[in-house]
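Asker: Structure: protein-v2.tsv, TSV, C-alpha atoms and all ligand atoms.
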```tsv
chain	number	residue	atom	x	y	z
A	91	MET	CA	216.25	93.00	69.66
A	92	ARG	CA	216.89	96.14	71.65
A	93	GLY	CA	216.25	96.37	75.35
A	94	MET	CA	214.19	94.05	77.49
A	95	MET	CA	210.80	95.02	76.09
A	96	ARG	CA	208.25	92.22	76.14
A	97	GLU	CA	207.11	90.75	72.88
A	98	LYS	CA	204.22	92.62	71.29
A	99	MET	CA	201.38	91.49	69.06
A	100	MET	CA	198.63	93.10	67.02
A	101	LEU	CA	195.13	91.76	66.38
A	102	ILE	CA	193.15	93.14	63.43
A	103	ASP	CA	189.49	92.25	63.85
A	104	THR	CA	187.88	92.16	60.40
A	105	SER	CA	184.44	91.77	61.98
A	106	ILE	CA	184.85	95.31	63.36
A	107	CYS	CA	186.84	96.98	60.54
A	108	MET	CA	184.61	99.30	58.48
A	109	ALA	CA	187.22	99.88	55.75
A	110	CYS	CA	187.53	103.61	56.40
A	111	ARG	CA	191.27	103.36	55.56
A	112	GLY	CA	192.20	105.73	58.35
A	113	CYS	CA	195.00	103.28	59.12
A	114	GLN	CA	196.38	103.60	55.58
A	115	VAL	CA	196.47	107.38	55.84
A	116	ALA	CA	197.92	107.45	59.36
A	117	CYS	CA	200.66	105.01	58.32
A	118	LYS	CA	201.66	107.26	55.42
A	119	ASP	CA	201.56	110.29	57.67
A	120	TRP	CA	203.81	108.78	60.37
A	121	HIS	CA	206.31	107.50	57.80
A	122	GLN	CA	206.12	110.67	55.68
A	123	LEU	CA	205.26	108.74	52.54
A	124	PRO	CA	203.65	110.42	49.52
A	125	ALA	CA	200.30	109.63	47.91
A	126	GLU	CA	200.23	107.41	44.82
A	127	ASP	CA	198.73	108.32	41.46
A	128	THR	CA	196.13	105.62	40.75
A	129	GLU	CA	193.12	105.09	38.47
A	130	PHE	CA	189.65	103.96	39.48
A	131	GLU	CA	189.22	100.34	38.47
A	132	GLY	CA	185.81	99.57	39.91
A	133	THR	CA	186.92	98.86	43.49
A	134	TYR	CA	187.34	100.93	46.60
A	135	GLN	CA	190.69	99.15	47.12
A	136	ASN	CA	193.21	101.85	46.40
A	137	PRO	CA	196.07	101.58	45.72
A	138	PRO	CA	195.77	98.03	44.42
A	139	ASP	CA	198.57	96.69	46.64
A	140	MET	CA	201.29	97.70	49.05
A	141	SER	CA	204.33	99.47	47.62
A	142	ASP	CA	207.40	101.37	48.79
A	143	LYS	CA	205.02	104.31	49.38
A	144	THR	CA	202.11	102.39	50.94
A	145	LEU	CA	203.01	100.02	53.77
A	146	THR	CA	199.47	98.87	54.54
A	147	VAL	CA	196.45	98.50	52.23
A	148	VAL	CA	192.86	97.69	53.09
A	149	LYS	CA	191.79	94.98	50.63
A	150	PHE	CA	188.15	94.66	49.56
A	151	THR	CA	186.64	91.33	48.45
A	152	GLU	CA	183.04	90.28	47.90
A	153	ALA	CA	182.25	86.64	48.62
A	154	GLU	CA	179.32	84.43	49.46
A	155	GLY	CA	179.54	84.18	53.22
A	156	SER	CA	179.08	81.33	55.67
A	157	ARG	CA	176.10	82.88	57.45
A	158	PRO	CA	172.66	81.31	56.95
A	159	PHE	CA	170.59	82.72	54.05
A	160	LYS	CA	173.75	83.07	51.91
A	161	TYR	CA	174.46	86.72	52.49
A	162	MET	CA	177.07	88.25	50.22
A	163	GLU	CA	179.79	89.46	52.55
A	164	TRP	CA	182.00	92.45	51.83
A	165	LEU	CA	185.29	91.32	53.34
A	166	PHE	CA	187.83	93.92	54.48
A	167	PHE	CA	191.44	92.91	55.08
A	168	LYS	CA	194.04	95.40	56.26
A	169	ASP	CA	197.12	93.83	54.69
A	170	GLN	CA	200.61	94.41	56.09
A	171	CYS	CA	203.71	92.57	57.28
A	172	ARG	CA	202.90	89.77	59.76
A	173	HIS	CA	206.17	90.24	61.71
A	174	CYS	CA	206.85	86.50	61.65
A	175	LYS	CA	208.55	84.69	64.49
A	176	GLY	CA	210.43	81.44	63.87
A	177	MET	CA	213.34	79.59	65.37
A	178	HIS	CA	216.03	81.68	63.66
A	179	GLY	CA	214.07	84.77	62.74
A	180	ALA	CA	211.48	85.68	60.12
A	181	PRO	CA	211.72	84.02	56.68
A	182	CYS	CA	212.69	87.33	55.00
A	183	GLN	CA	215.37	87.90	57.63
A	184	LYS	CA	216.80	84.38	57.29
A	185	ALA	CA	216.90	84.63	53.50
A	186	CYS	CA	218.61	88.04	53.31
A	187	PRO	CA	222.36	87.78	52.57
A	188	VAL	CA	223.12	91.47	53.27
A	189	ARG	CA	224.39	91.94	56.81
A	190	GLY	CA	222.18	94.14	58.96
A	191	ALA	CA	219.57	94.70	56.25
A	192	ILE	CA	216.74	93.00	58.17
A	193	VAL	CA	216.83	93.15	61.96
A	194	ALA	CA	214.59	92.54	64.97
A	195	GLU	CA	213.65	95.67	66.88
A	196	ALA	CA	211.57	96.62	69.92
A	197	GLY	CA	208.69	94.26	70.68
A	198	GLY	CA	209.89	91.82	68.01
A	199	ALA	CA	209.32	94.12	65.02
A	200	ILE	CA	211.03	92.81	61.86
A	201	VAL	CA	212.58	95.88	60.25
A	202	ILE	CA	214.30	96.48	56.91
A	203	THR	CA	217.13	98.98	57.46
A	204	ASP	CA	219.07	101.40	55.26
A	205	ALA	CA	221.68	98.62	54.83
A	206	CYS	CA	219.25	96.94	52.41
A	207	ASP	CA	220.70	96.94	48.89
A	208	SER	CA	218.81	94.80	46.40
A	209	THR	CA	221.68	95.05	43.91
A	210	LYS	CA	223.63	92.77	46.28
A	211	CYS	CA	221.04	89.97	46.41
A	212	ASN	CA	218.41	88.21	44.35
A	213	ILE	CA	215.51	89.97	46.10
A	214	ASP	CA	215.64	87.07	48.54
A	215	CYS	CA	213.28	88.65	51.07
A	216	VAL	CA	210.55	88.92	48.42
A	217	ASP	CA	211.01	85.29	47.43
A	218	ALA	CA	211.07	84.09	51.04
A	219	CYS	CA	208.00	85.95	52.29
A	220	PRO	CA	204.92	83.68	52.32
A	221	TYR	CA	202.61	86.71	52.25
A	222	ASN	CA	203.92	88.83	49.33
A	223	ILE	CA	204.86	91.73	51.59
A	224	PRO	CA	208.24	93.37	50.78
A	225	LYS	CA	208.19	95.67	47.75
A	226	ILE	CA	211.36	96.77	45.97
A	227	ASN	CA	212.00	100.20	44.50
A	228	GLY	CA	215.25	102.06	43.87
A	229	GLY	CA	217.40	99.22	45.21
A	230	LYS	CA	215.59	99.07	48.56
A	231	ALA	CA	212.97	96.74	49.95
A	232	LYS	CA	210.16	98.38	51.93
A	233	LYS	CA	207.44	97.08	54.21
A	234	CYS	CA	205.59	97.83	57.44
A	235	ASP	CA	208.06	98.32	60.31
A	236	PHE	CA	205.47	97.78	63.11
A	237	CYS	CA	206.10	101.44	63.98
A	238	PHE	CA	209.01	100.16	66.10
A	239	ASP	CA	210.06	103.73	66.88
A	240	ARG	CA	206.69	104.27	68.55
A	241	ILE	CA	206.91	100.88	70.33
A	242	GLU	CA	210.32	101.93	71.70
A	243	GLY	CA	208.58	104.94	73.20
A	244	SER	CA	205.86	102.72	74.73
A	245	LYS	CA	203.30	103.85	72.15
A	246	SER	CA	201.05	101.76	69.91
A	247	PRO	CA	201.66	101.61	66.16
A	248	ILE	CA	199.92	104.58	64.60
A	249	CYS	CA	197.39	102.42	62.68
A	250	ALA	CA	196.22	100.85	65.93
A	251	LYS	CA	195.97	104.22	67.63
A	252	THR	CA	194.05	105.74	64.72
A	253	CYS	CA	191.45	103.06	63.94
A	254	PRO	CA	188.07	104.76	64.68
A	255	PRO	CA	186.01	101.65	65.61
A	256	GLY	CA	188.87	100.04	67.57
A	257	ALA	CA	189.40	97.12	65.18
A	258	ILE	CA	193.14	96.98	65.94
A	259	THR	CA	194.34	95.75	69.34
A	260	PHE	CA	198.02	96.11	70.21
A	261	GLY	CA	199.82	95.00	73.36
A	262	ASN	CA	201.79	92.28	75.08
A	263	ALA	CA	201.66	89.01	73.15
A	264	GLY	CA	199.82	86.97	75.77
A	265	SER	CA	197.03	89.46	76.27
A	266	VAL	CA	196.51	90.01	72.53
A	267	GLN	CA	196.35	86.26	71.91
A	268	ALA	CA	193.82	85.92	74.74
A	269	ALA	CA	191.76	88.80	73.33
A	270	ALA	CA	191.77	87.08	69.92
A	271	ASN	CA	190.49	83.81	71.38
A	272	ASP	CA	187.83	85.65	73.33
A	273	ARG	CA	186.59	87.55	70.26
A	274	LEU	CA	186.65	84.40	68.15
A	275	ALA	CA	184.32	82.61	70.54
A	276	LYS	CA	181.85	85.51	70.31
A	277	VAL	CA	182.08	86.08	66.55
A	278	ARG	CA	181.64	82.37	65.73
A	279	ALA	CA	178.07	82.57	66.99
A	280	GLU	CA	177.26	84.62	63.87
A	281	TYR	CA	180.02	83.50	61.49
A	282	PRO	CA	180.63	79.73	61.76
A	283	ASN	CA	183.79	79.88	59.63
A	284	ALA	CA	185.45	82.62	61.69
A	285	ASN	CA	189.09	81.87	62.46
A	286	ILE	CA	192.33	83.39	63.63
A	287	TYR	CA	194.68	84.02	60.71
A	288	PRO	CA	197.40	83.05	59.97
A	289	ASN	CA	197.22	80.79	63.01
A	290	GLY	CA	193.84	79.28	62.13
A	291	HIS	CA	193.15	75.65	61.35
A	292	GLY	CA	196.35	74.52	63.01
A	293	HIS	CA	198.60	75.22	60.04
A	294	GLY	CA	199.12	78.97	60.03
A	295	GLY	CA	201.98	80.96	58.53
A	296	CYS	CA	205.37	80.65	60.15
A	297	GLY	CA	204.32	77.52	62.00
A	298	GLY	CA	201.40	79.45	63.41
A	299	GLU	CA	203.65	82.12	64.80
A	300	THR	CA	203.24	85.68	63.67
A	301	ARG	CA	203.11	88.86	65.71
A	302	VAL	CA	200.26	90.28	63.63
A	303	ILE	CA	197.10	88.16	63.55
A	304	TRP	CA	193.62	88.73	62.15
A	305	LEU	CA	190.19	87.59	63.15
A	306	LEU	CA	188.63	86.59	59.82
A	307	ILE	CA	184.92	85.99	59.45
A	308	ASP	CA	185.57	83.40	56.72
A	309	ASP	CA	188.41	81.24	55.38
A	310	SER	CA	191.47	83.10	54.12
A	311	SER	CA	190.67	81.80	50.61
A	312	ALA	CA	187.45	83.87	50.63
A	313	TYR	CA	189.57	86.96	51.27
A	314	GLY	CA	191.96	85.99	48.47
A	315	ILE	CA	194.98	86.14	50.76
A	316	PRO	CA	197.83	83.61	51.08
A	317	SER	CA	197.34	81.05	53.83
A	318	GLY	CA	201.10	81.00	54.41
A	319	GLU	CA	200.75	77.24	54.67
A	320	HIS	CA	203.25	76.43	51.93
A	321	GLY	CA	205.34	79.51	52.26
A	322	GLY	CA	208.75	77.99	52.85
A	323	MET	CA	208.35	78.12	56.59
A	324	GLY	CA	209.76	75.88	59.25
A	325	HIS	CA	213.39	76.03	58.22
B	1	LIG	S1	205.33	88.67	56.59
B	1	LIG	FE1	206.99	88.50	55.09
B	1	LIG	S2	208.07	90.45	55.24
B	1	LIG	FE2	206.85	90.25	57.11
B	1	LIG	S3	208.24	89.28	58.64
B	1	LIG	FE3	207.08	87.62	57.61
B	1	LIG	S4	208.44	86.98	55.95
B	1	LIG	FE4	209.15	89.01	56.59
B	2	LIG	S1	202.28	99.06	62.25
B	2	LIG	FE1	202.97	101.11	61.57
B	2	LIG	S2	204.11	100.69	59.68
B	2	LIG	FE2	202.84	98.89	60.09
B	2	LIG	S3	200.89	99.24	58.99
B	2	LIG	FE3	200.61	100.00	61.08
B	2	LIG	S4	201.11	102.20	60.92
B	2	LIG	FE4	201.99	101.20	59.11
B	3	LIG	S1	191.30	102.37	60.48
B	3	LIG	FE1	190.36	100.53	61.39
B	3	LIG	S2	188.26	100.49	60.57
B	3	LIG	FE2	189.45	101.89	59.29
B	3	LIG	S3	190.18	100.56	57.62
B	3	LIG	FE3	191.81	100.59	59.16
B	3	LIG	S4	191.42	98.77	60.43
B	3	LIG	FE4	189.54	99.19	59.25
```
I'd like the structure from this file rewritten - as structure tokens, please.
Answerer:
Amino acid sequence: MRGMMREKMMLIDTSICMACRGCQVACKDWHQLPAEDTEFEGTYQNPPDMSDKTLTVVKFTEAEGSRPFKYMEWLFFKDQCRHCKGMHGAPCQKACPVRGAIVAEAGGAIVITDACDSTKCNIDCVDACPYNIPKINGGKAKKCDFCFDRIEGSKSPICAKTCPPGAITFGNAGSVQAAANDRLAKVRAEYPNANIYPNGHGHGGCGGETRVIWLLIDDSSAYGIPSGEHGGMGH
């Protein structure tokens, strides 16, 4: 990790997110990534998943919620790399056999570099990731880089800066974790199943240690996202 910068974290509060997808667009803009040609398939989720051209996707799911009176909830989940911690690095980083292909950068960002060459491995990062994040195209794996170049310049990732309702909080790890706990206590009054993901319920991805966390208003299974619980962590 470069420099002495303190560890950073990001909190994505799904109780505030309004699924405008401004974050998706801003991420493409900052990384100079092109639009994708997609077809309407009856959902606002577009494109259907992350790719080498789309590093974050807002996922839309409808589920019967935990509030009284059985409201149907429209659940929004801005998916992206969790920037896992771990004793010897993130799972993708530990699994990668190509020297220098996955490195830790400013604030703890886990970054796939130009050294990545998927012809020299068995797409080990894809297999190791508990959250289905890296996407391979043209011999390279791609994923969210936490906007580490902005972090190096003491700026927030562009998705956090852009989000119109302020659903994304970025900062030093301790203060973001405290903000998450504070919000959870408030949101639980309305949503009894609200939890911090992937750290919720004591199991969490990466032994409960990721640099990107979400406040979910329901269990991760309602959102249709991996819990990370059995994701080959803890080695
Ligand atoms: S979420 Fe997946 S790609 Fe991101 S740091 Fe963790 S293991 Fe690597
Ligand atoms: S942190 Fe940066 S790279 Fe990651 S989703 Fe946000 S804008 Fe995209
Ligand atoms: S910019 Fe904010 S409100 Fe809009 S989709 Fe992204 S996280 Fe949600």
Asker: Name the residues, by chain letter and number, that sit within 10 Å of ligand LIG 2 (chain B) using all atoms listed in the file, and give them as a ChimeraX atom specification.
Answerer: /A:100,112-121,144-147,168-173,199,201,233-241,246-252,258,260,302
Asker: Which residues come within 6 Å of region 207-220 of chain A, counting all atoms listed in the file, excluding same-chain residues fewer than 4 positions away, as a CSV table (one decimal) with C-alpha atoms, in the frame of the given file?
Answerer:
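As a result, out04.csv now contains:
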```
chain,number,residue,atom,x,y,z
A,181,PRO,CA,211.7,84.0,56.7
A,182,CYS,CA,212.7,87.3,55.0
A,185,ALA,CA,216.9,84.6,53.5
A,186,CYS,CA,218.6,88.0,53.3
A,224,PRO,CA,208.2,93.4,50.8
A,229,GLY,CA,217.4,99.2,45.2
A,230,LYS,CA,215.6,99.1,48.6
A,318,GLY,CA,201.1,81.0,54.4
A,321,GLY,CA,205.3,79.5,52.3
```
Asker: With distances taken over all atoms listed in the file, which residue among A:Leu305, A:Ala231, A:Phe150, A:Leu123 lies nearest Val277 (chain A)?
Answerer: A:Leu305
Asker: In Å, how far is it from CA of Ala205 (chain A) to CA of Ile303 (chain A)?
Answerer: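 Straight-line distance from CA of Ala205 (chain A) to CA of Ile303 (chain A) works out to 28.1 Å.
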Asker: Using only C-alpha atoms and all ligand atoms, can you tell me which of A:Ile223, A:Ala279, A:Ala269, A:Ala284 comes closest to ligand LIG 1 (chain B)?
Answerer: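 Answer, going by the shortest atom-to-atom distance: A:Ile223.
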Asker: Would you mind completing region 119-142 of chain A so that it carries N, CA and C atoms, and writing it out as a PDB file, in the coordinates of the input?
Answerer:
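Saved to rebuild-v5.pdb:
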```pdb
ATOM      1  N   ASP A 119     201.258 109.051  56.962  1.00  0.00           N
ATOM      2  CA  ASP A 119     201.560 110.290  57.670  1.00  0.00           C
ATOM      3  C   ASP A 119     202.773 110.087  58.603  1.00  0.00           C
ATOM      4  N   TRP A 120     202.725 109.020  59.408  1.00  0.00           N
ATOM      5  CA  TRP A 120     203.810 108.780  60.370  1.00  0.00           C
ATOM      6  C   TRP A 120     205.143 108.550  59.662  1.00  0.00           C
ATOM      7  N   HIS A 121     205.073 107.838  58.516  1.00  0.00           N
ATOM      8  CA  HIS A 121     206.310 107.500  57.800  1.00  0.00           C
ATOM      9  C   HIS A 121     206.658 108.521  56.720  1.00  0.00           C
ATOM     10  N   GLN A 122     205.880 109.584  56.642  1.00  0.00           N
ATOM     11  CA  GLN A 122     206.120 110.670  55.680  1.00  0.00           C
ATOM     12  C   GLN A 122     206.250 110.135  54.250  1.00  0.00           C
ATOM     13  N   LEU A 123     205.271 109.330  53.873  1.00  0.00           N
ATOM     14  CA  LEU A 123     205.260 108.740  52.540  1.00  0.00           C
ATOM     15  C   LEU A 123     204.230 109.460  51.659  1.00  0.00           C
ATOM     16  N   PRO A 124     204.551 109.658  50.388  1.00  0.00           N
ATOM     17  CA  PRO A 124     203.650 110.420  49.520  1.00  0.00           C
ATOM     18  C   PRO A 124     202.444 109.592  49.055  1.00  0.00           C
ATOM     19  N   ALA A 125     201.449 110.292  48.524  1.00  0.00           N
ATOM     20  CA  ALA A 125     200.300 109.630  47.910  1.00  0.00           C
ATOM     21  C   ALA A 125     200.736 108.987  46.597  1.00  0.00           C
ATOM     22  N   GLU A 126     199.934 108.053  46.108  1.00  0.00           N
ATOM     23  CA  GLU A 126     200.230 107.410  44.820  1.00  0.00           C
ATOM     24  C   GLU A 126     199.186 107.844  43.803  1.00  0.00           C
ATOM     25  N   ASP A 127     199.623 107.954  42.553  1.00  0.00           N
ATOM     26  CA  ASP A 127     198.730 108.320  41.460  1.00  0.00           C
ATOM     27  C   ASP A 127     198.083 107.032  40.942  1.00  0.00           C
ATOM     28  N   THR A 128     196.790 106.871  41.163  1.00  0.00           N
ATOM     29  CA  THR A 128     196.130 105.620  40.750  1.00  0.00           C
ATOM     30  C   THR A 128     194.887 105.942  39.923  1.00  0.00           C
ATOM     31  N   GLU A 129     194.345 104.924  39.266  1.00  0.00           N
ATOM     32  CA  GLU A 129     193.120 105.090  38.470  1.00  0.00           C
ATOM     33  C   GLU A 129     192.024 104.232  39.072  1.00  0.00           C
ATOM     34  N   PHE A 130     190.780 104.728  38.968  1.00  0.00           N
ATOM     35  CA  PHE A 130     189.650 103.960  39.480  1.00  0.00           C
ATOM     36  C   PHE A 130     189.406 102.743  38.606  1.00  0.00           C
ATOM     37  N   GLU A 131     189.400 101.569  39.236  1.00  0.00           N
ATOM     38  CA  GLU A 131     189.220 100.340  38.470  1.00  0.00           C
ATOM     39  C   GLU A 131     188.044  99.532  38.982  1.00  0.00           C
ATOM     40  N   GLY A 132     187.047 100.239  39.507  1.00  0.00           N
ATOM     41  CA  GLY A 132     185.810  99.570  39.910  1.00  0.00           C
ATOM     42  C   GLY A 132     185.857  98.989  41.305  1.00  0.00           C
ATOM     43  N   THR A 133     186.848  99.354  42.097  1.00  0.00           N
ATOM     44  CA  THR A 133     186.920  98.860  43.490  1.00  0.00           C
ATOM     45  C   THR A 133     187.360 100.011  44.389  1.00  0.00           C
ATOM     46  N   TYR A 134     186.896  99.938  45.631  1.00  0.00           N
ATOM     47  CA  TYR A 134     187.340 100.930  46.600  1.00  0.00           C
ATOM     48  C   TYR A 134     188.781 100.665  47.049  1.00  0.00           C
ATOM     49  N   GLN A 135     189.322  99.479  46.710  1.00  0.00           N
ATOM     50  CA  GLN A 135     190.690  99.150  47.120  1.00  0.00           C
ATOM     51  C   GLN A 135     191.658 100.046  46.348  1.00  0.00           C
ATOM     52  N   ASN A 136     192.352 100.869  47.064  1.00  0.00           N
ATOM     53  CA  ASN A 136     193.210 101.850  46.400  1.00  0.00           C
ATOM     54  C   ASN A 136     194.303 102.317  47.349  1.00  0.00           C
ATOM     55  N   PRO A 137     195.568 102.186  46.950  1.00  0.00           N
ATOM     56  CA  PRO A 137     196.070 101.580  45.720  1.00  0.00           C
ATOM     57  C   PRO A 137     195.832 100.073  45.686  1.00  0.00           C
ATOM     58  N   PRO A 138     196.104  99.438  44.538  1.00  0.00           N
ATOM     59  CA  PRO A 138     195.770  98.030  44.420  1.00  0.00           C
ATOM     60  C   PRO A 138     196.570  97.116  45.350  1.00  0.00           C
ATOM     61  N   ASP A 139     197.756  97.538  45.754  1.00  0.00           N
ATOM     62  CA  ASP A 139     198.570  96.690  46.640  1.00  0.00           C
ATOM     63  C   ASP A 139     199.533  97.578  47.427  1.00  0.00           C
ATOM     64  N   MET A 140     200.249  96.968  48.334  1.00  0.00           N
ATOM     65  CA  MET A 140     201.290  97.700  49.050  1.00  0.00           C
ATOM     66  C   MET A 140     202.416  98.059  48.079  1.00  0.00           C
ATOM     67  N   SER A 141     203.211  99.025  48.452  1.00  0.00           N
ATOM     68  CA  SER A 141     204.330  99.470  47.620  1.00  0.00           C
ATOM     69  C   SER A 141     205.360 100.100  48.546  1.00  0.00           C
ATOM     70  N   ASP A 142     206.422 100.665  47.948  1.00  0.00           N
ATOM     71  CA  ASP A 142     207.400 101.370  48.790  1.00  0.00           C
ATOM     72  C   ASP A 142     206.801 102.634  49.392  1.00  0.00           C
TER      73      ASP A 142
END
```
